[in-house]
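Below: the structure, in structure tokens.
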Amino acid sequence: ADKLDEGVNSRVFITPPKGFDADPDVVYECLCQLYGIQSSARALHLTLTKCFKSQGFTTAGFEDSIWVREAGGEYYHSLIISAHINNTLMACKQLETLEKFQKAFLTWFKGTNEGDLEIYEVWDKPVVKTQLEAGMLLTKDDSPKFVDQGLHSRSRSITGHLSFLVTMTRCDLAFAYTDLSKLVQEPGENHLKAAERVLQYLR
């Protein structure tokens, strides 16, 4: 598990994992914050805040999960970062500045850059005005008995990307995302087409 730098003001006791030769007369206490325990999200938030403040960021008004860094110093354009649990969304009007910060960020924290929506190659398709087709109902009846792994991976990936947008900036996608996420374990062709249509709407 990933250890977090910042602790919280609470004590956490754990049950040793299976296979560990535990003494039944010993109580085990977690001495650092580990991903997956109840207080880890708070510890991660404190860790991110400490890091961002050291880089010149301030929180956006009353919103403690959004940090802003004004242009200046090594970054020529303003940066905005929002966080939801262990996911961050970064924005900057200039790609070069954004990539520079992302590279630095991934030296401070272990993580991945999920890239942008162009990886799905739908940018050459027509723009649509609604997220889902009018009257379309996504149901499990369209799920195949055996799910194609390629289709499954693509559908899950698109739905995952949409979750970031819904959480952070695009509440208008909430209905479509909710419908897609209900069927993400066993997607069929119609489900994938619906997910790709949302990307066409985003154009």
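FYI, nothing fancy with the structure tokens labels: chains A, B, ... in order, residues from 1 per chain, ligands from 1 as they appear.
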
### Task
Please provide as a PyMOL selection string all residues within 12 Å of range 163-165 of chain A, with the sequence filter that same-chain residues fewer than 5 positions apart are discarded (counting only C-alpha atoms).
chain A and resi 82-91+114+116-117+156-158+170-181+195+198-199+202

Write the selection just made, keeping N, CA and C atoms, as a tab-separated table (two decimals), in the first residue's frame?
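Once written, again.tsv looks like this:
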chain	number	residue	atom	x	y	z
A	82	SER	N	-7.79	20.25	-9.43
A	82	SER	CA	-8.86	19.80	-8.56
A	82	SER	C	-8.62	18.33	-8.24
A	83	ALA	N	-9.08	17.90	-7.08
A	83	ALA	CA	-8.83	16.53	-6.65
A	83	ALA	C	-10.11	15.89	-6.16
A	84	HIS	N	-10.24	14.60	-6.44
A	84	HIS	CA	-11.35	13.80	-5.93
A	84	HIS	C	-10.76	12.47	-5.49
A	85	ILE	N	-10.69	12.28	-4.18
A	85	ILE	CA	-10.04	11.11	-3.58
A	85	ILE	C	-8.61	11.03	-4.10
A	86	ASN	N	-8.28	10.00	-4.92
A	86	ASN	CA	-6.90	9.88	-5.39
A	86	ASN	C	-6.77	10.21	-6.88
A	87	ASN	N	-7.70	11.00	-7.40
A	87	ASN	CA	-7.63	11.44	-8.79
A	87	ASN	C	-7.50	12.96	-8.83
A	88	THR	N	-6.67	13.44	-9.72
A	88	THR	CA	-6.51	14.88	-9.88
A	88	THR	C	-6.79	15.27	-11.33
A	89	LEU	N	-7.37	16.43	-11.50
A	89	LEU	CA	-7.63	16.99	-12.82
A	89	LEU	C	-6.88	18.31	-12.91
A	90	MET	N	-6.01	18.44	-13.91
A	90	MET	CA	-5.16	19.62	-14.05
A	90	MET	C	-5.55	20.40	-15.30
A	91	ALA	N	-5.55	21.72	-15.19
A	91	ALA	CA	-5.94	22.57	-16.31
A	91	ALA	C	-4.97	23.73	-16.44
A	114	GLU	N	-3.43	9.93	-17.52
A	114	GLU	CA	-4.40	9.20	-18.35
A	114	GLU	C	-4.59	9.82	-19.73
A	116	ASP	N	-5.55	12.58	-22.85
A	116	ASP	CA	-6.76	13.32	-23.20
A	116	ASP	C	-7.70	12.45	-24.02
A	117	LEU	N	-8.86	12.98	-24.31
A	117	LEU	CA	-9.91	12.19	-24.96
A	117	LEU	C	-9.63	11.90	-26.43
A	156	ARG	N	-15.11	0.75	-20.61
A	156	ARG	CA	-14.75	1.10	-19.23
A	156	ARG	C	-13.86	2.34	-19.21
A	157	SER	N	-12.93	2.41	-20.15
A	157	SER	CA	-11.99	3.53	-20.18
A	157	SER	C	-12.72	4.84	-20.47
A	158	ILE	N	-13.62	4.83	-21.45
A	158	ILE	CA	-14.37	6.05	-21.77
A	158	ILE	C	-15.23	6.47	-20.57
A	170	ARG	N	-18.22	19.04	-15.55
A	170	ARG	CA	-19.31	18.90	-16.51
A	170	ARG	C	-20.49	18.15	-15.89
A	171	CYS	N	-21.27	18.87	-15.09
A	171	CYS	CA	-22.43	18.25	-14.47
A	171	CYS	C	-23.49	17.89	-15.50
A	172	ASP	N	-23.43	18.49	-16.70
A	172	ASP	CA	-24.42	18.17	-17.74
A	172	ASP	C	-24.28	16.74	-18.25
A	173	LEU	N	-23.15	16.09	-17.95
A	173	LEU	CA	-22.94	14.72	-18.39
A	173	LEU	C	-23.41	13.69	-17.36
A	174	ALA	N	-23.94	14.15	-16.24
A	174	ALA	CA	-24.24	13.27	-15.12
A	174	ALA	C	-25.23	12.15	-15.49
A	175	PHE	N	-26.29	12.49	-16.23
A	175	PHE	CA	-27.29	11.48	-16.56
A	175	PHE	C	-26.69	10.39	-17.45
A	176	ALA	N	-25.99	10.80	-18.50
A	176	ALA	CA	-25.40	9.83	-19.41
A	176	ALA	C	-24.36	8.98	-18.68
A	177	TYR	N	-23.54	9.62	-17.86
A	177	TYR	CA	-22.52	8.87	-17.11
A	177	TYR	C	-23.16	7.85	-16.17
A	178	THR	N	-24.24	8.24	-15.50
A	178	THR	CA	-24.91	7.32	-14.58
A	178	THR	C	-25.43	6.10	-15.31
A	179	ASP	N	-26.05	6.30	-16.47
A	179	ASP	CA	-26.56	5.18	-17.25
A	179	ASP	C	-25.42	4.26	-17.70
A	180	LEU	N	-24.34	4.85	-18.19
A	180	LEU	CA	-23.22	4.05	-18.68
A	180	LEU	C	-22.53	3.28	-17.56
A	181	SER	N	-22.37	3.91	-16.41
A	181	SER	CA	-21.65	3.26	-15.32
A	181	SER	C	-22.42	2.08	-14.74
A	195	ALA	N	-21.49	5.47	-25.32
A	195	ALA	CA	-20.33	6.11	-24.68
A	195	ALA	C	-19.58	6.98	-25.69
A	198	VAL	N	-21.25	10.30	-26.37
A	198	VAL	CA	-20.99	11.35	-25.38
A	198	VAL	C	-19.71	12.10	-25.75
A	199	LEU	N	-18.72	11.38	-26.27
A	199	LEU	CA	-17.48	12.05	-26.70
A	199	LEU	C	-17.76	12.98	-27.88
A	202	LEU	N	-19.09	16.12	-26.60
A	202	LEU	CA	-18.08	16.96	-25.96
A	202	LEU	C	-17.31	17.79	-26.97

Using DSSP on the backbone, list every residue of chain A that comes out as strand (DSSP E or B), and give them as a short mmCIF file (atom, residue, chain, number, x, y, z; two decimals) with C-alpha atoms, in the first residue's frame.
data_model
loop_
_atom_site.label_atom_id
_atom_site.label_comp_id
_atom_site.auth_asym_id
_atom_site.auth_seq_id
_atom_site.Cartn_x
_atom_site.Cartn_y
_atom_site.Cartn_z
CA LYS A 3 2.15 5.40 2.60
CA LEU A 4 0.92 8.97 2.97
CA VAL A 12 -6.54 3.16 13.61
CA PHE A 13 -6.39 -0.46 14.74
CA ILE A 14 -6.21 -3.26 12.21
CA TYR A 28 -2.17 -4.02 16.17
CA GLU A 29 -2.19 -0.29 15.50
CA CYS A 30 -1.58 1.32 12.10
CA GLN A 33 -1.91 6.23 6.76
CA LEU A 34 -2.39 3.47 4.19
CA THR A 58 -3.57 28.57 -2.92
CA THR A 59 -7.02 27.07 -2.48
CA ALA A 60 -9.87 28.54 -4.53
CA GLU A 63 -13.24 25.09 -1.94
CA ASP A 64 -10.40 23.17 -0.28
CA SER A 65 -10.09 20.58 -3.04
CA ILE A 66 -9.23 23.07 -5.80
CA TRP A 67 -5.81 24.71 -5.92
CA VAL A 68 -4.73 27.63 -8.12
CA ARG A 69 -1.26 28.84 -8.99
CA GLY A 72 5.01 33.44 -12.60
CA TYR A 75 5.44 28.36 -14.88
CA LEU A 79 -2.47 26.28 -13.27
CA ILE A 80 -5.67 24.92 -11.73
CA ILE A 81 -5.84 21.55 -10.01
CA SER A 82 -8.86 19.80 -8.56
CA ALA A 83 -8.83 16.53 -6.65
CA HIS A 84 -11.35 13.80 -5.93
CA ASN A 87 -7.63 11.44 -8.79
CA THR A 88 -6.51 14.88 -9.88
CA LEU A 89 -7.63 16.99 -12.82
CA MET A 90 -5.16 19.62 -14.05
CA ALA A 91 -5.94 22.57 -16.31
#

### Backbone DSSP call of alpha helix (DSSP H) for range 22-203 of chain A, listed as a PyMOL selection string
chain A and resi 40-54+95-108+149-168+174-182+189-202

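Picture a line from CA of His191 in chain A to CA of Leu138 in chain A; it runs 6.8 Å.
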
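The gap separating CA of Val127 in chain A from CA of Arg203 in chain A is 6.1 Å, in Å to one decimal.
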
### Point-to-point distance from CA of Ser78 in chain A to CA of Ile119 in chain A, Å rounded to tenths
25.5 Å

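Using only C-alpha atoms, the contacts of Phe105 in chain A at a cut-off of 10 Å, with sequence neighbours closer than 5 positions omitted, comprise A:Cys51, A:Phe52, A:Glu99, A:Lys100, A:Lys110, A:Gly111.
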
Print the selection's residues with N, CA, C and O atoms to a file, as a PDB file, in the first residue's frame.
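Result written to selection24.pdb:
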ATOM      1  N   CYS A  51       2.020  19.779  -0.361  1.00  0.00           N
ATOM      2  CA  CYS A  51       2.846  19.808  -1.568  1.00  0.00           C
ATOM      3  C   CYS A  51       2.516  21.022  -2.424  1.00  0.00           C
ATOM      4  O   CYS A  51       3.408  21.765  -2.846  1.00  0.00           O
ATOM      5  N   PHE A  52       1.234  21.252  -2.687  1.00  0.00           N
ATOM      6  CA  PHE A  52       0.836  22.352  -3.563  1.00  0.00           C
ATOM      7  C   PHE A  52       1.178  23.714  -2.965  1.00  0.00           C
ATOM      8  O   PHE A  52       1.595  24.629  -3.671  1.00  0.00           O
ATOM      9  N   GLU A  99       2.204  20.245 -19.256  1.00  0.00           N
ATOM     10  CA  GLU A  99       3.041  19.043 -19.315  1.00  0.00           C
ATOM     11  C   GLU A  99       4.254  19.163 -18.408  1.00  0.00           C
ATOM     12  O   GLU A  99       4.702  18.182 -17.810  1.00  0.00           O
ATOM     13  N   LYS A 100       4.800  20.367 -18.304  1.00  0.00           N
ATOM     14  CA  LYS A 100       5.934  20.589 -17.414  1.00  0.00           C
ATOM     15  C   LYS A 100       5.548  20.325 -15.969  1.00  0.00           C
ATOM     16  O   LYS A 100       6.288  19.661 -15.220  1.00  0.00           O
ATOM     17  N   LYS A 110       3.590   8.881  -6.939  1.00  0.00           N
ATOM     18  CA  LYS A 110       3.489   7.766  -7.870  1.00  0.00           C
ATOM     19  C   LYS A 110       2.110   7.801  -8.507  1.00  0.00           C
ATOM     20  O   LYS A 110       1.084   7.814  -7.820  1.00  0.00           O
ATOM     21  N   GLY A 111       2.055   7.846  -9.833  1.00  0.00           N
ATOM     22  CA  GLY A 111       0.763   7.919 -10.507  1.00  0.00           C
ATOM     23  C   GLY A 111       0.915   7.776 -11.997  1.00  0.00           C
ATOM     24  O   GLY A 111       2.000   7.464 -12.506  1.00  0.00           O
TER      25      GLY A 111
END
